[in-house]
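Visitor: What follows is my_file.txt, compact mmCIF, C-alpha atoms.
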```txt
# COMPACT_ATOMS: atom_id res chain seq x y z
CA MET A 1 -21.67 0.74 1.41
CA HIS A 2 -19.86 -1.57 3.87
CA ARG A 3 -17.50 -2.70 1.11
CA LEU A 4 -16.66 0.90 0.20
CA ARG A 5 -15.98 1.83 3.82
CA SER A 6 -13.77 -1.22 4.35
CA THR A 7 -11.81 -0.45 1.18
CA LEU A 8 -11.27 3.16 2.22
CA ALA A 9 -10.13 2.02 5.66
CA VAL A 10 -7.60 -0.42 4.24
CA THR A 11 -6.32 2.21 1.86
CA ALA A 12 -5.94 4.78 4.61
CA VAL A 13 -3.98 2.34 6.76
CA ALA A 14 -1.72 1.41 3.84
CA ALA A 15 -1.12 5.04 2.97
CA ALA A 16 -0.31 5.84 6.59
CA ALA A 17 2.16 2.98 6.70
CA LEU A 18 3.93 4.32 3.62
CA LEU A 19 4.27 7.74 5.15
CA VAL A 20 5.87 6.54 8.39
CA GLY A 21 9.27 8.13 8.63
CA VAL A 22 8.73 10.74 5.91
CA PRO A 23 11.23 13.53 6.51
CA THR A 24 9.71 16.79 7.65
CA ALA A 25 11.92 18.65 5.23
CA ALA A 26 12.47 17.70 1.59
CA ALA A 27 12.90 13.97 1.03
CA ALA A 28 16.42 12.59 0.75
CA THR A 29 17.86 12.57 -2.74
CA ASP A 30 17.60 8.78 -3.01
CA THR A 31 13.92 8.60 -2.06
CA VAL A 32 10.72 9.75 -3.73
CA ASP A 33 9.63 13.19 -2.59
CA MET A 34 5.86 13.34 -1.96
CA ASN A 35 5.85 16.65 -3.81
CA GLU A 36 6.51 14.57 -6.95
CA VAL A 37 3.29 12.67 -6.25
CA PHE A 38 1.01 15.40 -4.94
CA GLY A 39 2.09 18.06 -7.39
CA PRO A 40 -0.08 20.96 -8.59
CA PHE A 41 -1.90 18.96 -11.26
CA VAL A 42 -2.75 16.04 -8.97
CA LEU A 43 -3.92 18.39 -6.21
CA ASP A 44 -6.19 20.09 -8.75
CA THR A 45 -7.71 16.73 -9.72
CA PHE A 46 -8.79 16.31 -6.08
CA ARG A 47 -9.77 19.93 -5.53
CA ASP A 48 -12.02 20.02 -8.58
CA GLY A 49 -13.17 16.40 -8.42
CA ARG A 50 -16.21 14.97 -6.66
CA ILE A 51 -17.44 12.06 -4.60
CA ALA A 52 -19.24 9.60 -6.86
CA PRO A 53 -23.03 9.46 -6.52
CA PRO A 54 -24.18 6.44 -4.46
CA GLU A 55 -25.69 4.77 -7.52
CA GLN A 56 -22.21 4.64 -9.07
CA TRP A 57 -20.48 2.96 -6.13
CA GLN A 58 -21.45 -0.43 -7.51
CA PRO A 59 -21.36 -0.01 -11.30
CA ARG A 60 -22.25 -2.77 -13.72
CA HIS A 61 -19.86 -5.73 -13.82
CA PRO A 62 -18.10 -6.09 -17.19
CA VAL A 63 -19.54 -9.60 -17.70
CA THR A 64 -23.05 -8.10 -17.77
CA ASP A 65 -22.06 -5.10 -19.91
CA PRO A 66 -22.88 -5.64 -23.61
CA TRP A 67 -20.05 -3.29 -24.61
CA PHE A 68 -17.60 -6.11 -23.85
CA GLN A 69 -19.17 -8.46 -26.40
CA ALA A 70 -16.43 -8.95 -28.98
CA PRO A 71 -16.98 -9.02 -32.75
CA PRO A 72 -15.19 -11.55 -34.99
CA VAL A 73 -11.55 -10.55 -35.39
CA GLU A 74 -9.96 -13.22 -37.55
CA GLY A 75 -8.04 -11.55 -40.37
CA LEU A 76 -7.81 -8.16 -38.67
CA ALA A 77 -4.41 -6.62 -38.01
CA PRO A 78 -3.07 -6.61 -34.44
CA GLY A 79 -3.71 -3.28 -32.77
CA THR A 80 -6.90 -2.63 -34.74
CA LEU A 81 -9.18 -0.46 -32.61
CA LEU A 82 -12.58 -2.19 -32.55
CA LYS A 83 -14.50 0.16 -30.31
CA ALA A 84 -13.98 2.92 -27.77
CA ARG A 85 -16.13 4.83 -25.34
CA PRO A 86 -15.53 7.69 -22.91
CA ALA A 87 -15.16 6.57 -19.31
CA THR A 88 -15.25 8.29 -15.94
CA VAL A 89 -12.24 7.59 -13.75
CA GLN A 90 -13.41 6.56 -10.29
CA VAL A 91 -11.12 5.37 -7.51
CA TYR A 92 -12.33 4.61 -3.97
CA GLY A 93 -15.50 6.58 -4.53
CA VAL A 94 -13.67 9.65 -5.87
CA GLN A 95 -14.01 10.91 -9.43
CA PRO A 96 -10.95 13.12 -10.04
CA ALA A 97 -11.22 16.12 -12.33
CA HIS A 98 -9.07 16.96 -15.36
CA VAL A 99 -8.46 13.34 -16.42
CA ARG A 100 -10.00 12.25 -19.70
CA ALA A 101 -10.44 8.48 -20.07
CA TYR A 102 -11.56 5.96 -22.65
CA GLN A 103 -12.22 2.24 -22.52
CA LEU A 104 -10.84 0.53 -25.61
CA MET A 105 -11.36 -2.84 -27.28
CA TYR A 106 -8.78 -3.93 -29.82
CA VAL A 107 -7.29 -6.88 -31.69
CA THR A 108 -4.22 -8.67 -30.42
CA THR A 109 -2.33 -11.94 -30.90
CA ASP A 110 -2.63 -14.97 -28.65
CA PHE A 111 0.36 -17.14 -27.73
CA ASP A 112 -0.53 -19.54 -30.57
CA GLY A 113 -0.63 -16.78 -33.22
CA SER A 114 -4.43 -16.56 -33.44
CA ARG A 115 -6.29 -13.24 -33.35
CA VAL A 116 -8.11 -12.46 -30.11
CA VAL A 117 -9.52 -9.43 -28.31
CA SER A 118 -8.23 -7.41 -25.39
CA THR A 119 -9.66 -4.40 -23.61
CA GLY A 120 -8.01 -1.62 -21.65
CA ILE A 121 -8.24 1.94 -20.39
CA LEU A 122 -6.50 5.07 -21.65
CA MET A 123 -6.19 8.03 -19.25
CA ILE A 124 -5.01 11.45 -20.40
CA PRO A 125 -4.30 14.35 -18.03
CA GLU A 126 -5.97 17.54 -19.24
CA ASP A 127 -3.10 19.84 -18.30
CA GLY A 128 -2.70 21.86 -21.47
CA THR A 129 0.10 19.73 -22.93
CA ALA A 130 0.15 20.10 -26.72
CA PRO A 131 -0.33 16.87 -28.72
CA GLN A 132 3.19 17.11 -30.18
CA ASP A 133 4.62 17.26 -26.65
CA ARG A 134 2.58 14.42 -25.14
CA LYS A 135 4.29 11.24 -23.92
CA LEU A 136 2.60 7.86 -23.47
CA ILE A 137 3.20 5.18 -20.85
CA GLY A 138 2.15 1.57 -21.35
CA TYR A 139 1.52 0.75 -17.68
CA SER A 140 1.22 -2.93 -16.72
CA GLU A 141 -0.18 -3.18 -13.22
CA ALA A 142 0.86 -5.69 -10.55
CA ASN A 143 -2.22 -7.66 -11.55
CA ASP A 144 -2.31 -11.45 -11.18
CA SER A 145 -6.08 -11.93 -11.30
CA LEU A 146 -7.76 -14.87 -12.99
CA GLY A 147 -11.36 -13.71 -12.70
CA PRO A 148 -13.30 -11.37 -15.01
CA GLY A 149 -13.92 -7.80 -13.97
CA CYS A 150 -10.56 -7.60 -12.19
CA MET A 151 -8.51 -5.74 -14.77
CA PRO A 152 -7.51 -2.04 -14.94
CA SER A 153 -10.45 -0.92 -17.07
CA ALA A 154 -12.73 -2.11 -14.27
CA GLN A 155 -10.54 -0.91 -11.40
CA TRP A 156 -10.14 2.64 -12.68
CA THR A 157 -13.86 3.05 -13.38
CA GLY A 158 -15.06 2.11 -9.90
CA THR A 159 -15.82 -1.61 -10.15
CA ASP A 160 -13.04 -3.68 -8.54
CA GLN A 161 -11.84 -1.41 -5.75
CA ASP A 162 -10.42 -4.07 -3.41
CA ASP A 163 -7.62 -5.25 -5.68
CA PRO A 164 -4.21 -4.32 -4.23
CA SER A 165 -2.81 -3.65 -7.70
CA LEU A 166 -5.06 -0.59 -7.93
CA PHE A 167 -3.60 0.89 -4.76
CA SER A 168 -0.06 0.03 -5.83
CA ALA A 169 -0.53 1.98 -9.07
CA LEU A 170 -1.84 5.20 -7.54
CA GLY A 171 1.54 6.74 -6.67
CA PRO A 172 3.31 6.04 -9.98
CA VAL A 173 0.27 7.09 -12.03
CA ALA A 174 0.02 10.35 -10.08
CA GLN A 175 3.69 10.99 -10.87
CA MET A 176 3.05 10.27 -14.54
CA PHE A 177 0.04 12.58 -14.67
CA GLY A 178 2.12 15.25 -12.95
CA ASN A 179 4.59 15.01 -15.82
CA GLY A 180 1.80 15.38 -18.36
CA TRP A 181 2.04 11.81 -19.62
CA ALA A 182 -0.93 9.77 -20.82
CA VAL A 183 -1.27 6.26 -19.40
CA MET A 184 -2.54 3.24 -21.32
CA MET A 185 -3.35 0.16 -19.24
CA SER A 186 -4.10 -3.01 -21.16
CA ASP A 187 -6.33 -5.56 -19.46
CA THR A 188 -4.32 -8.26 -21.27
CA ALA A 189 -7.73 -9.93 -21.58
CA ASN A 190 -11.27 -9.10 -22.58
CA ASP A 191 -12.35 -8.12 -19.08
CA GLY A 192 -15.95 -8.99 -19.87
CA ASP A 193 -15.12 -12.57 -20.86
CA PRO A 194 -16.34 -14.85 -18.03
CA ALA A 195 -13.61 -17.44 -18.73
CA PRO A 196 -10.49 -17.40 -16.50
CA ASN A 197 -7.76 -15.01 -17.60
CA GLY A 198 -4.35 -16.48 -18.43
CA PHE A 199 -2.52 -13.55 -16.85
CA SER A 200 0.75 -15.46 -16.51
CA ILE A 201 1.17 -16.13 -20.25
CA GLY A 202 3.73 -13.53 -21.27
CA GLN A 203 3.62 -14.42 -24.96
CA PHE A 204 0.01 -13.17 -24.92
CA SER A 205 0.19 -10.33 -22.40
CA GLY A 206 3.28 -8.84 -24.06
CA ALA A 207 1.52 -8.64 -27.41
CA ALA A 208 -1.64 -7.29 -25.77
CA THR A 209 0.40 -4.54 -24.11
CA LEU A 210 1.90 -3.43 -27.44
CA ASP A 211 -1.43 -3.64 -29.24
CA GLY A 212 -3.05 -1.58 -26.49
CA LEU A 213 -0.55 1.16 -27.27
CA ARG A 214 -1.32 0.84 -30.97
CA ALA A 215 -5.05 1.15 -30.25
CA ALA A 216 -4.49 4.21 -28.06
CA ILE A 217 -2.54 5.94 -30.82
CA ALA A 218 -5.28 5.04 -33.30
CA LEU A 219 -7.99 6.69 -31.19
CA PRO A 220 -8.77 10.01 -32.93
CA ASP A 221 -9.95 11.74 -29.75
CA ALA A 222 -6.60 11.06 -28.06
CA ALA A 223 -4.79 13.13 -30.73
CA PHE A 224 -1.44 11.36 -30.30
CA GLU A 225 1.34 11.91 -32.77
CA ARG A 226 2.04 8.70 -34.70
CA ASP A 227 5.59 8.66 -33.30
CA VAL A 228 4.64 9.63 -29.75
CA PRO A 229 7.49 8.68 -27.36
CA ILE A 230 6.48 5.64 -25.32
CA GLY A 231 7.68 4.18 -22.04
CA ILE A 232 6.68 0.68 -20.93
CA TYR A 233 6.32 0.09 -17.19
CA GLY A 234 5.60 -3.21 -15.45
CA ILE A 235 5.72 -4.51 -11.91
CA ALA A 236 5.04 -8.03 -10.53
CA GLY A 237 2.44 -9.67 -12.81
CA GLY A 238 2.62 -6.57 -14.99
CA GLY A 239 6.37 -7.00 -15.18
CA VAL A 240 5.82 -10.18 -17.17
CA ALA A 241 3.62 -8.33 -19.67
CA ALA A 242 6.03 -5.39 -19.87
CA GLY A 243 9.06 -7.65 -20.21
CA PHE A 244 7.59 -9.61 -23.09
CA ALA A 245 6.38 -6.37 -24.68
CA ALA A 246 9.95 -5.05 -24.54
CA GLU A 247 11.32 -8.27 -26.01
CA LYS A 248 8.72 -8.40 -28.82
CA GLN A 249 8.60 -4.72 -29.75
CA ALA A 250 11.35 -4.63 -32.40
CA THR A 251 9.82 -7.46 -34.41
CA TYR A 252 6.12 -7.31 -33.48
CA ALA A 253 5.50 -3.55 -33.30
CA PRO A 254 8.57 -1.81 -34.76
CA GLU A 255 6.62 1.35 -35.56
CA LEU A 256 6.16 2.12 -31.85
CA ASN A 257 8.63 4.72 -30.60
CA VAL A 258 9.57 2.95 -27.34
CA VAL A 259 12.27 4.84 -25.44
CA GLY A 260 12.66 2.37 -22.58
CA THR A 261 11.11 -0.21 -20.27
CA VAL A 262 11.03 -0.50 -16.47
CA LEU A 263 10.75 -3.99 -14.94
CA GLN A 264 10.35 -4.88 -11.27
CA ALA A 265 9.51 -8.01 -9.25
CA MET A 266 8.39 -10.08 -12.26
CA VAL A 267 8.26 -13.87 -12.54
CA ILE A 268 10.98 -14.66 -15.06
CA ASP A 269 10.70 -18.45 -15.00
CA SER A 270 7.57 -20.09 -13.55
CA GLY A 271 9.52 -23.23 -12.75
CA THR A 272 12.08 -21.57 -10.48
CA PHE A 273 9.36 -19.31 -9.08
CA GLU A 274 7.39 -22.36 -7.96
CA ARG A 275 10.39 -24.08 -6.45
CA LYS A 276 11.22 -21.03 -4.34
CA ALA A 277 7.74 -19.82 -3.37
CA ASP A 278 5.79 -23.11 -3.09
CA GLY A 279 4.30 -23.40 0.39
CA GLY A 280 5.40 -19.92 1.43
CA ILE A 281 3.53 -16.78 2.32
CA GLY A 282 2.69 -16.18 -1.36
CA ALA A 283 1.40 -19.72 -1.98
CA GLY A 284 -1.93 -18.45 -3.28
CA PHE A 285 -0.19 -16.54 -6.06
CA VAL A 286 1.95 -19.57 -6.92
CA PHE A 287 -1.21 -21.63 -7.45
CA ALA A 288 -2.92 -18.83 -9.38
CA ASN A 289 0.10 -18.51 -11.66
CA SER A 290 -0.22 -22.16 -12.68
CA LEU A 291 -3.97 -21.82 -13.18
CA GLY A 292 -3.31 -18.98 -15.61
CA TYR A 293 -1.47 -21.42 -17.87
CA ALA A 294 -4.21 -24.01 -17.54
CA ALA A 295 -6.73 -21.41 -18.70
CA ARG A 296 -5.14 -21.24 -22.17
CA TYR A 297 -3.03 -24.33 -22.85
CA PRO A 298 -5.26 -27.22 -23.99
CA GLU A 299 -2.92 -30.00 -22.85
CA ILE A 300 -3.39 -29.00 -19.21
CA ASP A 301 -6.52 -30.84 -18.02
CA LEU A 302 -7.29 -29.63 -14.53
CA ASP A 303 -9.90 -32.33 -14.02
CA LYS A 304 -7.04 -34.82 -14.13
CA GLU A 305 -4.36 -32.70 -12.51
CA LEU A 306 -6.09 -31.25 -9.45
CA THR A 307 -6.88 -32.90 -6.13
CA PRO A 308 -10.42 -32.48 -4.72
CA LEU A 309 -9.13 -29.57 -2.62
CA GLY A 310 -7.34 -28.11 -5.62
CA LYS A 311 -10.53 -28.19 -7.68
CA GLN A 312 -12.45 -26.31 -5.00
CA VAL A 313 -9.78 -23.64 -4.62
CA ALA A 314 -9.38 -23.30 -8.40
CA ASP A 315 -13.11 -22.79 -8.79
CA VAL A 316 -12.92 -19.84 -6.37
CA PHE A 317 -9.71 -18.40 -7.81
CA ASN A 318 -10.95 -18.59 -11.40
CA ARG A 319 -13.96 -16.42 -10.52
CA THR A 320 -12.34 -13.85 -8.24
CA CYS A 321 -9.61 -11.22 -8.14
CA GLN A 322 -6.18 -11.54 -6.62
CA GLN A 323 -7.05 -10.25 -3.16
CA THR A 324 -8.60 -13.71 -2.65
CA TYR A 325 -5.22 -15.35 -3.19
CA LEU A 326 -3.79 -13.49 -0.20
CA MET A 327 -6.02 -15.64 2.00
CA MET A 328 -4.17 -18.89 1.19
CA PRO A 329 -0.59 -18.61 2.47
CA PHE A 330 1.62 -21.65 3.14
CA MET A 331 -0.51 -24.12 1.13
CA PRO A 332 1.84 -26.53 -0.71
CA LEU A 333 1.13 -27.34 -4.34
CA SER A 334 1.31 -31.04 -3.43
CA ALA A 335 -2.04 -30.58 -1.65
CA LEU A 336 -3.59 -29.08 -4.76
CA TYR A 337 -2.08 -31.07 -7.65
CA THR A 338 -2.20 -34.85 -7.91
CA HIS A 339 1.26 -34.96 -9.51
CA GLY A 340 2.82 -32.42 -7.20
CA ARG A 341 4.45 -29.22 -8.34
CA PRO A 342 3.54 -28.24 -11.96
CA ALA A 343 7.18 -27.26 -12.57
CA ASP A 344 8.03 -30.97 -12.23
CA ASN A 345 5.07 -32.12 -14.33
CA PRO A 346 5.65 -32.70 -18.10
CA VAL A 347 2.07 -31.55 -18.81
CA PHE A 348 3.09 -27.97 -17.93
CA ALA A 349 6.47 -28.12 -19.67
CA ARG A 350 5.55 -26.45 -22.98
CA ALA A 351 3.58 -23.67 -21.33
CA TYR A 352 6.34 -22.78 -18.90
CA ALA A 353 9.11 -23.02 -21.50
CA GLU A 354 7.32 -20.81 -24.04
CA ASN A 355 6.76 -18.09 -21.47
CA ARG A 356 10.20 -17.88 -19.91
CA MET A 357 11.60 -14.35 -20.17
CA GLY A 358 14.92 -13.65 -21.83
CA GLY A 359 14.37 -15.30 -25.19
CA GLN A 360 14.92 -12.06 -27.10
CA ALA A 361 16.90 -8.97 -26.09
CA PRO A 362 14.86 -5.72 -26.07
CA GLN A 363 15.88 -3.07 -28.56
CA ALA A 364 15.19 -0.12 -26.25
CA PRO A 365 16.98 0.43 -22.91
CA VAL A 366 15.72 -1.41 -19.83
CA LEU A 367 15.78 -0.51 -16.14
CA ILE A 368 15.51 -3.52 -13.79
CA THR A 369 14.72 -2.75 -10.15
CA SER A 370 13.74 -6.11 -8.67
CA CYS A 371 14.63 -6.59 -5.00
CA ARG A 372 17.55 -8.85 -4.10
CA ASP A 373 15.63 -10.14 -1.06
CA ASP A 374 12.40 -10.95 -2.92
CA PHE A 375 10.80 -13.90 -1.12
CA LEU A 376 8.97 -15.05 -4.26
CA VAL A 377 11.27 -14.66 -7.26
CA PRO A 378 14.88 -15.93 -7.11
CA TYR A 379 17.26 -13.04 -7.71
CA SER A 380 19.47 -15.44 -9.67
CA ASP A 381 16.72 -15.39 -12.33
CA VAL A 382 17.03 -11.59 -12.45
CA GLU A 383 20.80 -11.82 -12.82
CA ASN A 384 20.43 -14.35 -15.64
CA LEU A 385 17.95 -12.08 -17.39
CA ILE A 386 20.31 -9.13 -17.12
CA THR A 387 23.12 -11.23 -18.60
CA ALA A 388 20.92 -12.43 -21.46
CA TYR A 389 19.71 -8.94 -22.31
CA ARG A 390 23.20 -7.44 -22.26
CA ALA A 391 24.56 -10.29 -24.37
CA GLY A 392 21.89 -9.42 -26.93
CA GLY A 393 22.91 -5.76 -26.98
CA THR A 394 20.31 -4.24 -24.65
CA ASP A 395 21.36 -1.22 -22.60
CA VAL A 396 20.41 -2.47 -19.11
CA THR A 397 20.49 -0.36 -15.95
CA VAL A 398 20.22 -2.28 -12.66
CA GLU A 399 19.06 -0.51 -9.50
CA PRO A 400 17.65 -3.09 -7.03
CA SER A 401 14.86 -1.81 -4.84
CA HIS A 402 15.06 -2.01 -1.05
CA CYS A 403 12.91 -4.59 0.72
CA GLY A 404 15.12 -6.26 3.31
CA VAL A 405 14.28 -6.42 7.03
CA THR A 406 16.98 -3.87 7.87
CA ASP A 407 15.63 -1.51 5.21
CA ILE A 408 12.10 -1.83 6.57
CA LEU A 409 13.23 -1.04 10.11
CA THR A 410 15.47 1.88 9.20
CA ASN A 411 13.53 3.50 6.35
CA PRO A 412 9.98 2.15 5.93
CA TYR A 413 9.07 5.15 3.79
CA ARG A 414 11.71 4.29 1.22
CA VAL A 415 10.77 0.60 1.22
CA GLY A 416 7.09 1.42 0.80
CA THR A 417 7.55 3.75 -2.14
CA GLU A 418 10.05 1.44 -3.83
CA LEU A 419 7.80 -1.61 -3.49
CA LEU A 420 5.24 0.38 -5.47
CA GLY A 421 7.88 1.28 -8.07
CA MET A 422 7.60 5.02 -7.51
CA GLN A 423 11.38 5.47 -7.71
CA ASN A 424 11.31 4.30 -11.34
CA VAL A 425 9.32 7.15 -12.86
CA ASP A 426 12.18 9.66 -13.02
CA TRP A 427 14.14 7.25 -15.24
CA PHE A 428 11.56 7.85 -17.95
CA VAL A 429 12.03 11.61 -17.58
CA GLY A 430 15.63 11.20 -18.72
CA LYS A 431 14.71 8.86 -21.57
CA PHE A 432 12.02 11.21 -22.86
CA GLU A 433 14.44 14.14 -22.69
CA GLU A 434 16.92 12.18 -24.82
CA THR A 435 14.31 11.80 -27.56
CA THR A 436 13.84 15.57 -27.83
CA ARG A 437 17.53 16.52 -28.07
```
As structure tokens, how would this structure be written, given the file I've shared?
Guide:
Amino acid sequence: MHRLRSTLAVTAVAAAALLVGVPTAAAATDTVDMNEVFGPFVLDTFRDGRIAPPEQWQPRHPVTDPWFQAPPVEGLAPGTLLKARPATVQVYGVQPAHVRAYQLMYVTTDFDGSRVVSTGILMIPEDGTAPQDRKLIGYSEANDSLGPGCMPSAQWTGTDQDDPSLFSALGPVAQMFGNGWAVMMSDTANDGDPAPNGFSIGQFSGAATLDGLRAAIALPDAAFERDVPIGIYGIAGGGVAAGFAAEKQATYAPELNVVGTVLQAMVIDSGTFERKADGGIGAGFVFANSLGYAARYPEIDLDKELTPLGKQVADVFNRTCQQTYLMMPFMPLSALYTHGRPADNPVFARAYAENRMGGQAPQAPVLITSCRDDFLVPYSDVENLITAYRAGGTDVTVEPSHCGVTDILTNPYRVGTELLGMQNVDWFVGKFEETTR
């Protein structure tokens, strides 16, 4: 009960902060109007929803849920739907009405080409949209969690309610539901697997994102058209998954009708990310990013690489969700790794090189909205990615989000909504309209 109250309090404060400076009349044309978020459908989900019964405030952790036990998958095609079950959407103790949801388990491809399992959640607004008119979004949350039970299929069913990536997704998802779009969120992991999740490995998370879309389309109860128009959306850690999904789609999942991809605030190159953000306010995420690689690449032996302090912190990080990482700002990697920064350590070289974005130009258009003043990711990496994509023939639109000190002081509402990526949703409206002309 205390945890639920504290979560609701934090959420209320964050929501209030976002709304500071909201115009009393209609929002300016270059900002997100709250009417786009709290439209008729979303208001009905609250009006007809309910507060979850107390016994559902602390639902079973995925690690203890036998549904997450994976069958053998070697030899099965990527995207094969292994199992599905109806799920009740529950966020901060509220179970909204008119949203049909399913937890899915499906086959995907690991970074080494082997077959593995991922899980995810599909949410469909029950707004009367005909199957032939439905659109589908592959939404990759700003999720950088190493621990089990931290992924979207847990968050959106009432388990991990403290993760900031859940709050950051509420506005964009509400906009998507208001447009009648279904939303598929891949866990880019089997969320019931107790082993640490290699969230930073784009070669895996990109494939898992595409295979999650394949599994959603294969679910009979979802009633999607085989060529349903698809948008891919990713921010922060999810931007890595979405970016690699966009790059892989033409060769890995060419049957998917992807109309475009939105990318914001993603780590493009772990090496340059570390060199900029090491020892800064986001130091916990820098360390977690490197641990994600160690979780999957066998040549990285943390027993040899970590200092005694590093081992203790890694043990906590590998078992928890990303809100824990916020509690370790300004810690330099030299205090955690015996050989200093992983970016300068040959042991990490293959992992970082294989998961650097920009190796293949996406076939579908891309919108990039990373902030020029990002204190974690060098904007020069973003500019290099734009150049690489355009050189490969990708139609790239660049609209940097606002996050500078001046922006925060003069228009905190705009900064807040743009940090959550809410300004990006209308871009998909145009892309979907182009597919129907």
Visitor: Counting only C-alpha atoms, figure out which residue out of A:Gln132, A:Gln322, A:Ser401, A:Thr88 gets nearest to A:Ala222.
Guide: A:Gln132
Visitor: As an MDAnalysis selection string, please: the residues near A:Leu136 (cut-off 6 Å, all atoms listed in the file, same-chain neighbours under 2 positions excluded).
Guide: chainID A and resid 181:183 230
Visitor: Considering only C-alpha atoms, return as a short mmCIF file (atom, residue, chain, number, x, y, z; two decimals) with C-alpha atoms, keeping the file's coordinate frame whatever protein or nucleic-acid residues lie within 9 Å of A:Leu333, sequence-local ones (same chain, fewer than 5 positions apart) excluded.
Guide:
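So out.cif came out as:
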```cif
data_model
loop_
_atom_site.label_atom_id
_atom_site.label_comp_id
_atom_site.auth_asym_id
_atom_site.auth_seq_id
_atom_site.Cartn_x
_atom_site.Cartn_y
_atom_site.Cartn_z
CA GLU A 274 7.39 -22.36 -7.96
CA ASP A 278 5.79 -23.11 -3.09
CA GLY A 279 4.30 -23.40 0.39
CA ALA A 283 1.40 -19.72 -1.98
CA VAL A 286 1.95 -19.57 -6.92
CA PHE A 287 -1.21 -21.63 -7.45
CA GLY A 310 -7.34 -28.11 -5.62
CA THR A 338 -2.20 -34.85 -7.91
CA GLY A 340 2.82 -32.42 -7.20
CA ARG A 341 4.45 -29.22 -8.34
CA PRO A 342 3.54 -28.24 -11.96
#
```
Visitor: Could you check the closest approach to A:Thr80 for each of A:Leu219, A:Ala195, A:Val63, A:Leu43 and tell me which residue wins, using all atoms listed in the file?
Guide: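 The closest residue to A:Thr80 is A:Leu219.
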Visitor: Work out how far apart atom CA of A:Glu126 and atom CA of A:Asn257 are and give it in Å to one decimal.
Guide: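 Value for the atom CA of A:Glu126-atom CA of A:Asn257 distance: 22.5 Å.
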Visitor: Can you pull out the residues contacting stretch 243-250 of chain A? Cut-off 9 Å, using all atoms listed in the file, and skip same-chain residues under 2 positions away; I want them as a PyMOL selection string.
Guide: chain A and resi 202-210+232-234+238-241+252-256+258+260-263+266+268+355+357-364+366
Visitor: Between A:His98, A:Lys431, A:Arg60, A:Lys83, which residue has the minimum interatomic distance to A:Thr159, considering all atoms listed in the file?
Guide: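 For A:Thr159, the nearest of the given residues is A:Arg60.
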Visitor: Which neighbours of stretch 403-408 of chain A fall inside 8 Å, counting only C-alpha atoms, when residues of the same chain fewer than 2 positions from it are skipped, and could you give them as a CSV table (one decimal) with C-alpha atoms, in the frame of the given file?
Guide:
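Output file around.csv is given in full below:
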```
chain,number,residue,atom,x,y,z
A,371,CYS,CA,14.6,-6.6,-5.0
A,372,ARG,CA,17.6,-8.8,-4.1
A,373,ASP,CA,15.6,-10.1,-1.1
A,374,ASP,CA,12.4,-11.0,-2.9
A,401,SER,CA,14.9,-1.8,-4.8
A,410,THR,CA,15.5,1.9,9.2
A,411,ASN,CA,13.5,3.5,6.4
A,412,PRO,CA,10.0,2.2,5.9
A,415,VAL,CA,10.8,0.6,1.2
A,419,LEU,CA,7.8,-1.6,-3.5
```
Visitor: Counting all atoms listed in the file, what is within 12 Å of A:Ala349, bar same-chain residues fewer than 3 positions away, as a PDB file with C-alpha atoms, keeping the file's coordinate frame?
Guide:
```pdb
ATOM      1  CA  ASP A 269      10.700 -18.450 -15.000  1.00  0.00           C
ATOM      2  CA  SER A 270       7.570 -20.090 -13.550  1.00  0.00           C
ATOM      3  CA  GLY A 271       9.520 -23.230 -12.750  1.00  0.00           C
ATOM      4  CA  SER A 290      -0.220 -22.160 -12.680  1.00  0.00           C
ATOM      5  CA  TYR A 293      -1.470 -21.420 -17.870  1.00  0.00           C
ATOM      6  CA  ALA A 294      -4.210 -24.010 -17.540  1.00  0.00           C
ATOM      7  CA  TYR A 297      -3.030 -24.330 -22.850  1.00  0.00           C
ATOM      8  CA  GLU A 299      -2.920 -30.000 -22.850  1.00  0.00           C
ATOM      9  CA  ILE A 300      -3.390 -29.000 -19.210  1.00  0.00           C
ATOM     10  CA  ARG A 341       4.450 -29.220  -8.340  1.00  0.00           C
ATOM     11  CA  PRO A 342       3.540 -28.240 -11.960  1.00  0.00           C
ATOM     12  CA  ALA A 343       7.180 -27.260 -12.570  1.00  0.00           C
ATOM     13  CA  ASP A 344       8.030 -30.970 -12.230  1.00  0.00           C
ATOM     14  CA  ASN A 345       5.070 -32.120 -14.330  1.00  0.00           C
ATOM     15  CA  PRO A 346       5.650 -32.700 -18.100  1.00  0.00           C
ATOM     16  CA  TYR A 352       6.340 -22.780 -18.900  1.00  0.00           C
ATOM     17  CA  ALA A 353       9.110 -23.020 -21.500  1.00  0.00           C
ATOM     18  CA  GLU A 354       7.320 -20.810 -24.040  1.00  0.00           C
ATOM     19  CA  ASN A 355       6.760 -18.090 -21.470  1.00  0.00           C
ATOM     20  CA  ARG A 356      10.200 -17.880 -19.910  1.00  0.00           C
TER      21      ARG A 356
END
```
Visitor: Report, in Å to a single decimal, how far apart atom CA of A:Glu399 and atom CA of A:Phe375 are.
Guide: 17.8 Å
Visitor: I need the residue nearest A:Gly282 from this list: A:Gln323, A:Gln312, A:Thr188, A:Thr251. Use only C-alpha atoms for the distance.
Guide: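 Selected residue with least distance to A:Gly282: A:Gln323.
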Visitor: Taking all atoms of stretch 168-186 of chain A that appear in the file, build a box with edges along x, y and z, extend it by 4 Å on every side, and state its centre and edge lengths in Å to one decimal, as AutoDock Vina command-line options.
Guide:
```
--center_x 0.2 --center_y 6.2 --center_z -13.6 --size_x 16.7 --size_y 26.4 --size_z 23.5
```
Visitor: Taking only C-alpha atoms into account, name the residue in A:Tyr389, A:Phe199, A:Phe68, A:Phe224 that is nearest to A:Ser145.
Guide: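 Of A:Tyr389, A:Phe199, A:Phe68, A:Phe224, the one nearest A:Ser145 is A:Phe199, counting only C-alpha atoms.
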